[in-house]
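Chemist: To be precise about what I am sending: the file is called input17.cif and holds mmCIF, N, CA and C atoms.
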```
data_data
loop_
_atom_site.group_PDB
_atom_site.id
_atom_site.type_symbol
_atom_site.label_atom_id
_atom_site.label_comp_id
_atom_site.auth_asym_id
_atom_site.auth_seq_id
_atom_site.Cartn_x
_atom_site.Cartn_y
_atom_site.Cartn_z
ATOM 1 N N MET A 1 -32.876 -2.968 -8.106
ATOM 2 C CA MET A 1 -31.620 -2.250 -8.058
ATOM 3 C C MET A 1 -30.906 -2.438 -9.394
ATOM 4 N N ALA A 2 -30.294 -1.379 -9.887
ATOM 5 C CA ALA A 2 -29.565 -1.427 -11.156
ATOM 6 C C ALA A 2 -28.323 -2.291 -11.026
ATOM 7 N N ASP A 3 -27.961 -2.945 -12.124
ATOM 8 C CA ASP A 3 -26.745 -3.750 -12.171
ATOM 9 C C ASP A 3 -25.651 -2.885 -12.796
ATOM 10 N N LEU A 4 -24.865 -2.229 -11.950
ATOM 11 C CA LEU A 4 -23.840 -1.317 -12.430
ATOM 12 C C LEU A 4 -22.519 -2.033 -12.671
ATOM 13 N N LYS A 5 -21.781 -1.575 -13.648
ATOM 14 C CA LYS A 5 -20.462 -2.132 -13.925
ATOM 15 C C LYS A 5 -19.504 -1.850 -12.763
ATOM 16 N N LEU A 6 -19.629 -0.650 -12.185
ATOM 17 C CA LEU A 6 -18.799 -0.275 -11.046
ATOM 18 C C LEU A 6 -19.455 -0.761 -9.767
ATOM 19 N N GLY A 7 -18.742 -1.591 -9.034
ATOM 20 C CA GLY A 7 -19.266 -2.086 -7.773
ATOM 21 C C GLY A 7 -19.205 -1.019 -6.694
ATOM 22 N N ARG A 8 -19.761 -1.334 -5.549
ATOM 23 C CA ARG A 8 -19.748 -0.396 -4.431
ATOM 24 C C ARG A 8 -18.309 -0.121 -4.026
ATOM 25 N N LEU A 9 -17.993 1.140 -3.815
ATOM 26 C CA LEU A 9 -16.633 1.521 -3.439
ATOM 27 C C LEU A 9 -16.317 1.015 -2.032
ATOM 28 N N PRO A 10 -15.062 0.592 -1.817
ATOM 29 C CA PRO A 10 -14.680 0.114 -0.481
ATOM 30 C C PRO A 10 -14.547 1.282 0.492
ATOM 31 N N ASP A 11 -14.508 0.952 1.764
ATOM 32 C CA ASP A 11 -14.298 1.961 2.800
ATOM 33 C C ASP A 11 -12.942 2.631 2.577
ATOM 34 N N ARG A 12 -12.942 3.939 2.478
ATOM 35 C CA ARG A 12 -11.703 4.676 2.244
ATOM 36 C C ARG A 12 -11.345 5.564 3.429
ATOM 37 N N THR A 13 -11.906 5.258 4.587
ATOM 38 C CA THR A 13 -11.600 6.025 5.784
ATOM 39 C C THR A 13 -10.157 5.739 6.194
ATOM 40 N N PRO A 14 -9.319 6.771 6.287
ATOM 41 C CA PRO A 14 -7.921 6.538 6.668
ATOM 42 C C PRO A 14 -7.820 5.923 8.061
ATOM 43 N N VAL A 15 -6.836 5.064 8.227
ATOM 44 C CA VAL A 15 -6.551 4.439 9.510
ATOM 45 C C VAL A 15 -5.134 4.836 9.899
ATOM 46 N N LYS A 16 -4.984 5.425 11.068
ATOM 47 C CA LYS A 16 -3.658 5.836 11.527
ATOM 48 C C LYS A 16 -2.966 4.648 12.181
ATOM 49 N N LEU A 17 -1.723 4.434 11.797
ATOM 50 C CA LEU A 17 -0.920 3.344 12.325
ATOM 51 C C LEU A 17 0.384 3.934 12.839
ATOM 52 N N THR A 18 0.736 3.632 14.060
ATOM 53 C CA THR A 18 1.977 4.124 14.640
ATOM 54 C C THR A 18 2.926 2.946 14.801
ATOM 55 N N ILE A 19 4.150 3.105 14.290
ATOM 56 C CA ILE A 19 5.145 2.036 14.403
ATOM 57 C C ILE A 19 6.462 2.629 14.911
ATOM 58 N N THR A 20 7.315 1.761 15.388
ATOM 59 C CA THR A 20 8.661 2.139 15.790
ATOM 60 C C THR A 20 9.614 1.433 14.833
ATOM 61 N N ILE A 21 10.561 2.182 14.268
ATOM 62 C CA ILE A 21 11.518 1.603 13.319
ATOM 63 C C ILE A 21 12.935 1.851 13.799
ATOM 64 N N THR A 22 13.853 1.104 13.241
ATOM 65 C CA THR A 22 15.261 1.243 13.598
ATOM 66 C C THR A 22 15.849 2.488 12.934
ATOM 67 N N PRO A 23 16.931 3.012 13.493
ATOM 68 C CA PRO A 23 17.589 4.152 12.847
ATOM 69 C C PRO A 23 18.048 3.832 11.415
ATOM 70 N N ASP A 24 18.485 2.609 11.182
ATOM 71 C CA ASP A 24 18.898 2.220 9.825
ATOM 72 C C ASP A 24 17.741 2.291 8.844
ATOM 73 N N LEU A 25 16.572 1.842 9.272
ATOM 74 C CA LEU A 25 15.407 1.896 8.397
ATOM 75 C C LEU A 25 14.998 3.345 8.150
ATOM 76 N N GLN A 26 15.037 4.169 9.180
ATOM 77 C CA GLN A 26 14.715 5.583 9.019
ATOM 78 C C GLN A 26 15.668 6.226 8.013
ATOM 79 N N SER A 27 16.945 5.917 8.122
ATOM 80 C CA SER A 27 17.933 6.455 7.192
ATOM 81 C C SER A 27 17.642 5.989 5.767
ATOM 82 N N GLY A 28 17.296 4.716 5.622
ATOM 83 C CA GLY A 28 16.958 4.177 4.302
ATOM 84 C C GLY A 28 15.735 4.848 3.716
ATOM 85 N N LEU A 29 14.726 5.089 4.534
ATOM 86 C CA LEU A 29 13.512 5.756 4.056
ATOM 87 C C LEU A 29 13.808 7.192 3.632
ATOM 88 N N GLN A 30 14.645 7.884 4.395
ATOM 89 C CA GLN A 30 15.027 9.245 4.031
ATOM 90 C C GLN A 30 15.807 9.251 2.717
ATOM 91 N N ALA A 31 16.697 8.275 2.543
ATOM 92 C CA ALA A 31 17.462 8.168 1.293
ATOM 93 C C ALA A 31 16.527 7.871 0.125
ATOM 94 N N TYR A 32 15.538 7.028 0.356
ATOM 95 C CA TYR A 32 14.575 6.717 -0.695
ATOM 96 C C TYR A 32 13.788 7.966 -1.079
ATOM 97 N N ALA A 33 13.367 8.737 -0.076
ATOM 98 C CA ALA A 33 12.616 9.972 -0.336
ATOM 99 C C ALA A 33 13.468 10.957 -1.136
ATOM 100 N N ALA A 34 14.762 11.022 -0.825
ATOM 101 C CA ALA A 34 15.660 11.913 -1.568
ATOM 102 C C ALA A 34 15.799 11.450 -3.014
ATOM 103 N N LEU A 35 15.940 10.144 -3.226
ATOM 104 C CA LEU A 35 16.042 9.611 -4.586
ATOM 105 C C LEU A 35 14.730 9.815 -5.341
ATOM 106 N N TYR A 36 13.621 9.640 -4.667
ATOM 107 C CA TYR A 36 12.307 9.880 -5.265
ATOM 108 C C TYR A 36 12.218 11.327 -5.743
ATOM 109 N N ALA A 37 12.647 12.251 -4.901
ATOM 110 C CA ALA A 37 12.599 13.679 -5.250
ATOM 111 C C ALA A 37 13.487 13.980 -6.451
ATOM 112 N N SER A 38 14.679 13.390 -6.489
ATOM 113 C CA SER A 38 15.567 13.664 -7.625
ATOM 114 C C SER A 38 15.069 12.993 -8.904
ATOM 115 N N THR A 39 14.361 11.881 -8.760
ATOM 116 C CA THR A 39 13.834 11.173 -9.922
ATOM 117 C C THR A 39 12.616 11.877 -10.507
ATOM 118 N N TYR A 40 11.692 12.288 -9.645
ATOM 119 C CA TYR A 40 10.411 12.835 -10.107
ATOM 120 C C TYR A 40 10.298 14.348 -9.971
ATOM 121 N N GLY A 41 11.277 14.983 -9.332
ATOM 122 C CA GLY A 41 11.234 16.426 -9.178
ATOM 123 C C GLY A 41 10.182 16.910 -8.200
ATOM 124 N N VAL A 42 9.707 16.029 -7.350
ATOM 125 C CA VAL A 42 8.692 16.352 -6.352
ATOM 126 C C VAL A 42 9.139 15.778 -5.018
ATOM 127 N N GLU A 43 9.226 16.626 -4.012
ATOM 128 C CA GLU A 43 9.575 16.140 -2.679
ATOM 129 C C GLU A 43 8.321 15.652 -1.971
ATOM 130 N N GLU A 44 8.356 14.417 -1.555
ATOM 131 C CA GLU A 44 7.245 13.823 -0.804
ATOM 132 C C GLU A 44 7.790 13.386 0.553
ATOM 133 N N PRO A 45 7.091 13.687 1.631
ATOM 134 C CA PRO A 45 7.556 13.234 2.939
ATOM 135 C C PRO A 45 7.471 11.711 3.047
ATOM 136 N N VAL A 46 8.351 11.171 3.862
ATOM 137 C CA VAL A 46 8.381 9.717 4.067
ATOM 138 C C VAL A 46 7.007 9.201 4.478
ATOM 139 N N VAL A 47 6.306 9.943 5.325
ATOM 140 C CA VAL A 47 4.984 9.466 5.789
ATOM 141 C C VAL A 47 3.994 9.324 4.644
ATOM 142 N N ASP A 48 4.194 10.035 3.536
ATOM 143 C CA ASP A 48 3.321 9.878 2.372
ATOM 144 C C ASP A 48 3.809 8.775 1.447
ATOM 145 N N LEU A 49 5.097 8.495 1.463
ATOM 146 C CA LEU A 49 5.644 7.437 0.606
ATOM 147 C C LEU A 49 5.406 6.040 1.179
ATOM 148 N N VAL A 50 5.478 5.913 2.504
ATOM 149 C CA VAL A 50 5.388 4.581 3.129
ATOM 150 C C VAL A 50 4.095 3.847 2.780
ATOM 151 N N PRO A 51 2.906 4.459 2.840
ATOM 152 C CA PRO A 51 1.702 3.698 2.466
ATOM 153 C C PRO A 51 1.760 3.163 1.032
ATOM 154 N N ALA A 52 2.276 3.969 0.103
ATOM 155 C CA ALA A 52 2.395 3.501 -1.282
ATOM 156 C C ALA A 52 3.424 2.375 -1.390
ATOM 157 N N MET A 53 4.497 2.485 -0.619
ATOM 158 C CA MET A 53 5.518 1.435 -0.623
ATOM 159 C C MET A 53 4.950 0.119 -0.082
ATOM 160 N N LEU A 54 4.198 0.211 1.001
ATOM 161 C CA LEU A 54 3.597 -0.996 1.581
ATOM 162 C C LEU A 54 2.582 -1.626 0.641
ATOM 163 N N ALA A 55 1.752 -0.809 0.013
ATOM 164 C CA ALA A 55 0.761 -1.330 -0.938
ATOM 165 C C ALA A 55 1.455 -2.015 -2.105
ATOM 166 N N SER A 56 2.514 -1.394 -2.610
ATOM 167 C CA SER A 56 3.267 -1.978 -3.718
ATOM 168 C C SER A 56 3.891 -3.308 -3.308
ATOM 169 N N PHE A 57 4.447 -3.351 -2.102
ATOM 170 C CA PHE A 57 5.044 -4.589 -1.601
ATOM 171 C C PHE A 57 4.004 -5.704 -1.517
ATOM 172 N N LEU A 58 2.855 -5.405 -0.923
ATOM 173 C CA LEU A 58 1.822 -6.431 -0.773
ATOM 174 C C LEU A 58 1.319 -6.930 -2.123
ATOM 175 N N GLU A 59 1.105 -6.026 -3.057
ATOM 176 C CA GLU A 59 0.593 -6.426 -4.368
ATOM 177 C C GLU A 59 1.631 -7.172 -5.200
ATOM 178 N N SER A 60 2.909 -7.011 -4.878
ATOM 179 C CA SER A 60 3.957 -7.706 -5.638
ATOM 180 C C SER A 60 4.274 -9.084 -5.058
ATOM 181 N N ASP A 61 3.713 -9.407 -3.901
ATOM 182 C CA ASP A 61 3.950 -10.711 -3.276
ATOM 183 C C ASP A 61 2.910 -11.695 -3.810
ATOM 184 N N ARG A 62 3.306 -12.474 -4.799
ATOM 185 C CA ARG A 62 2.358 -13.370 -5.477
ATOM 186 C C ARG A 62 1.689 -14.350 -4.531
ATOM 187 N N ASN A 63 2.449 -14.901 -3.590
ATOM 188 C CA ASN A 63 1.856 -15.865 -2.664
ATOM 189 C C ASN A 63 0.815 -15.201 -1.762
ATOM 190 N N PHE A 64 1.092 -13.989 -1.328
ATOM 191 C CA PHE A 64 0.121 -13.260 -0.510
ATOM 192 C C PHE A 64 -1.140 -12.961 -1.311
ATOM 193 N N VAL A 65 -0.967 -12.454 -2.533
ATOM 194 C CA VAL A 65 -2.125 -12.105 -3.371
ATOM 195 C C VAL A 65 -2.984 -13.343 -3.616
ATOM 196 N N LYS A 66 -2.348 -14.469 -3.911
ATOM 197 C CA LYS A 66 -3.103 -15.701 -4.158
ATOM 198 C C LYS A 66 -3.839 -16.151 -2.897
ATOM 199 N N ALA A 67 -3.152 -16.145 -1.761
ATOM 200 C CA ALA A 67 -3.789 -16.567 -0.509
ATOM 201 C C ALA A 67 -4.947 -15.640 -0.145
ATOM 202 N N ARG A 68 -4.774 -14.339 -0.329
ATOM 203 C CA ARG A 68 -5.837 -13.378 -0.023
ATOM 204 C C ARG A 68 -7.040 -13.601 -0.937
ATOM 205 N N ASP A 69 -6.768 -13.811 -2.241
ATOM 206 C CA ASP A 69 -7.855 -14.053 -3.187
ATOM 207 C C ASP A 69 -8.578 -15.354 -2.878
ATOM 208 N N ASP A 70 -7.821 -16.400 -2.540
ATOM 209 C CA ASP A 70 -8.425 -17.684 -2.187
ATOM 210 C C ASP A 70 -9.321 -17.528 -0.953
ATOM 211 N N ALA A 71 -8.852 -16.782 0.046
ATOM 212 C CA ALA A 71 -9.626 -16.573 1.269
ATOM 213 C C ALA A 71 -10.908 -15.792 0.961
ATOM 214 N N ARG A 72 -10.805 -14.802 0.094
ATOM 215 C CA ARG A 72 -11.998 -14.021 -0.280
ATOM 216 C C ARG A 72 -13.012 -14.893 -1.000
ATOM 217 N N ARG A 73 -12.536 -15.738 -1.913
ATOM 218 C CA ARG A 73 -13.445 -16.620 -2.639
ATOM 219 C C ARG A 73 -14.103 -17.616 -1.684
ATOM 220 N N ALA A 74 -13.330 -18.147 -0.746
ATOM 221 C CA ALA A 74 -13.889 -19.094 0.209
ATOM 222 C C ALA A 74 -14.900 -18.412 1.128
ATOM 223 N N GLY A 75 -14.678 -17.160 1.445
ATOM 224 C CA GLY A 75 -15.592 -16.414 2.307
ATOM 225 C C GLY A 75 -16.877 -16.021 1.624
ATOM 226 N N SER A 76 -16.855 -15.947 0.291
ATOM 227 C CA SER A 76 -18.055 -15.525 -0.434
ATOM 228 C C SER A 76 -18.931 -16.701 -0.829
ATOM 229 N N LYS A 77 -18.549 -17.889 -0.481
ATOM 230 C CA LYS A 77 -19.356 -19.075 -0.836
ATOM 231 C C LYS A 77 -20.459 -19.288 0.155
#
```
Write the structure described by the file as structure tokens, please.
Modeler:
Amino acid sequence: MADLKLGRLPDRTPVKLTITITPDLQSGLQAYAALYASTYGVEEPVVDLVPAMLASFLESDRNFVKARDDARRAGSK
């Protein structure tokens, strides 16, 4: 087998997640979507913004990233 620089791509099958949020959070998300639209000139629905927001949050949490990386390294031994 060839030794490629690009590793095997991860599973990209979408997973649907249903949650219940408070009215305050819904209002905040709508306000964020409005600010996003005025900033970038593109209206994106909240349902499209939330996955990017969650990914950004997880990647910005240094303790989470370190713990996840440590767990992956321990699992590959």
Chemist: Translate the PyMOL selection byres (((chain A and resi 28-31 and name CA) around 12) and name CA), as applied to the file shown, into an explicit residue set as a list in words.
Modeler: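 Applied to this file, the PyMOL selection byres (((chain A and resi 28-31 and name CA) around 12) and name CA) returns Ile21, Thr22, Pro23, Asp24, Leu25, Gln26, Ser27, Tyr32, Ala33, Ala34, Leu35, Tyr36, Ala37, Ser38, Glu43, Glu44, Pro45, Val46, Val47, Asp48, Leu49, Val50 and Met53 of chain A.
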Chemist: Return as JSON the centre and edge lengths, in Å with one decimal, of the box along x, y and z that encloses every atom of stretch 5-21 of chain A in the file, padded by 6 Å per side.
Modeler:
```
{"center_x": -4.4, "center_y": 2.3, "center_z": 0.9, "size_x": 46.7, "size_y": 20.9, "size_z": 41.7}
```
Chemist: Just asking: which residues within chain A are helix (DSSP H, G or I) according to DSSP, as a VMD selection string?
Modeler: chain A and resid 23 to 40 46 to 60 62 to 75
Chemist: Using the structure block above, produce a file of stretch 9-20 of chain A that contains all heavy atoms, as a JSON list (two decimals), in the first residue's frame.
Modeler:
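The resulting file, selection.json, is shown below:
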```
[["chain", "number", "residue", "atom", "x", "y", "z"],
["A", 9, "LEU", "N", -9.75, 9.80, 4.92],
["A", 9, "LEU", "CA", -10.70, 10.81, 5.36],
["A", 9, "LEU", "C", -11.64, 10.22, 6.42],
["A", 9, "LEU", "O", -12.04, 9.06, 6.33],
["A", 9, "LEU", "CB", -11.53, 11.32, 4.18],
["A", 9, "LEU", "CG", -10.74, 12.08, 3.11],
["A", 9, "LEU", "CD1", -11.67, 12.46, 1.95],
["A", 9, "LEU", "CD2", -10.05, 13.29, 3.67],
["A", 10, "PRO", "N", -12.01, 11.05, 7.41],
["A", 10, "PRO", "CA", -12.92, 10.56, 8.45],
["A", 10, "PRO", "C", -14.34, 10.43, 7.91],
["A", 10, "PRO", "O", -14.66, 10.98, 6.86],
["A", 10, "PRO", "CB", -12.85, 11.66, 9.52],
["A", 10, "PRO", "CG", -12.47, 12.88, 8.76],
["A", 10, "PRO", "CD", -11.59, 12.42, 7.64],
["A", 11, "ASP", "N", -15.17, 9.73, 8.65],
["A", 11, "ASP", "CA", -16.58, 9.59, 8.29],
["A", 11, "ASP", "C", -17.22, 10.98, 8.28],
["A", 11, "ASP", "O", -17.11, 11.73, 9.24],
["A", 11, "ASP", "CB", -17.28, 8.69, 9.31],
["A", 11, "ASP", "CG", -18.74, 8.43, 8.98],
["A", 11, "ASP", "OD1", -19.20, 8.88, 7.91],
["A", 11, "ASP", "OD2", -19.40, 7.79, 9.79],
["A", 12, "ARG", "N", -17.84, 11.33, 7.18],
["A", 12, "ARG", "CA", -18.47, 12.64, 7.05],
["A", 12, "ARG", "C", -19.98, 12.53, 6.91],
["A", 12, "ARG", "O", -20.65, 13.45, 6.47],
["A", 12, "ARG", "CB", -17.88, 13.39, 5.86],
["A", 12, "ARG", "CG", -16.40, 13.71, 6.05],
["A", 12, "ARG", "CD", -15.79, 14.39, 4.85],
["A", 12, "ARG", "NE", -16.02, 13.77, 3.56],
["A", 12, "ARG", "CZ", -15.36, 12.73, 3.07],
["A", 12, "ARG", "NH1", -14.40, 12.17, 3.77],
["A", 12, "ARG", "NH2", -15.63, 12.25, 1.87],
["A", 13, "THR", "N", -20.53, 11.39, 7.32],
["A", 13, "THR", "CA", -21.97, 11.20, 7.26],
["A", 13, "THR", "C", -22.63, 12.11, 8.29],
["A", 13, "THR", "O", -22.31, 12.04, 9.48],
["A", 13, "THR", "CB", -22.33, 9.73, 7.57],
["A", 13, "THR", "OG1", -21.62, 8.89, 6.68],
["A", 13, "THR", "CG2", -23.82, 9.50, 7.44],
["A", 14, "PRO", "N", -23.53, 12.99, 7.87],
["A", 14, "PRO", "CA", -24.18, 13.89, 8.83],
["A", 14, "PRO", "C", -24.97, 13.11, 9.87],
["A", 14, "PRO", "O", -25.55, 12.06, 9.58],
["A", 14, "PRO", "CB", -25.13, 14.74, 7.97],
["A", 14, "PRO", "CG", -24.68, 14.55, 6.57],
["A", 14, "PRO", "CD", -24.01, 13.22, 6.49],
["A", 15, "VAL", "N", -24.99, 13.64, 11.08],
["A", 15, "VAL", "CA", -25.75, 13.06, 12.18],
["A", 15, "VAL", "C", -26.75, 14.12, 12.63],
["A", 15, "VAL", "O", -26.36, 15.24, 12.96],
["A", 15, "VAL", "CB", -24.82, 12.67, 13.35],
["A", 15, "VAL", "CG1", -25.64, 12.15, 14.52],
["A", 15, "VAL", "CG2", -23.78, 11.66, 12.91],
["A", 16, "LYS", "N", -28.02, 13.77, 12.64],
["A", 16, "LYS", "CA", -29.04, 14.72, 13.07],
["A", 16, "LYS", "C", -29.16, 14.67, 14.58],
["A", 16, "LYS", "O", -29.22, 13.60, 15.19],
["A", 16, "LYS", "CB", -30.39, 14.38, 12.43],
["A", 16, "LYS", "CG", -31.44, 15.40, 12.76],
["A", 16, "LYS", "CD", -32.70, 15.19, 11.96],
["A", 16, "LYS", "CE", -33.68, 16.28, 12.31],
["A", 16, "LYS", "NZ", -34.74, 16.40, 11.35],
["A", 17, "LEU", "N", -29.17, 15.85, 15.19],
["A", 17, "LEU", "CA", -29.28, 15.98, 16.63],
["A", 17, "LEU", "C", -30.44, 16.93, 16.92],
["A", 17, "LEU", "O", -30.50, 18.03, 16.35],
["A", 17, "LEU", "CB", -27.97, 16.56, 17.19],
["A", 17, "LEU", "CG", -27.92, 16.87, 18.67],
["A", 17, "LEU", "CD1", -28.00, 15.57, 19.48],
["A", 17, "LEU", "CD2", -26.62, 17.58, 18.99],
["A", 18, "THR", "N", -31.34, 16.51, 17.76],
["A", 18, "THR", "CA", -32.48, 17.35, 18.13],
["A", 18, "THR", "C", -32.31, 17.77, 19.58],
["A", 18, "THR", "O", -32.08, 16.94, 20.45],
["A", 18, "THR", "CB", -33.80, 16.57, 17.97],
["A", 18, "THR", "OG1", -33.90, 16.11, 16.63],
["A", 18, "THR", "CG2", -34.99, 17.43, 18.29],
["A", 19, "ILE", "N", -32.41, 19.08, 19.82],
["A", 19, "ILE", "CA", -32.27, 19.60, 21.19],
["A", 19, "ILE", "C", -33.43, 20.56, 21.48],
["A", 19, "ILE", "O", -34.09, 21.06, 20.57],
["A", 19, "ILE", "CB", -30.93, 20.32, 21.41],
["A", 19, "ILE", "CG1", -30.83, 21.56, 20.51],
["A", 19, "ILE", "CG2", -29.76, 19.39, 21.19],
["A", 19, "ILE", "CD1", -29.66, 22.47, 20.85],
["A", 20, "THR", "N", -33.63, 20.81, 22.75],
["A", 20, "THR", "CA", -34.61, 21.80, 23.19],
["A", 20, "THR", "C", -33.81, 22.92, 23.86],
["A", 20, "THR", "O", -32.94, 22.65, 24.69],
["A", 20, "THR", "CB", -35.59, 21.17, 24.20],
["A", 20, "THR", "OG1", -36.23, 20.07, 23.57],
["A", 20, "THR", "CG2", -36.62, 22.18, 24.66]]
```
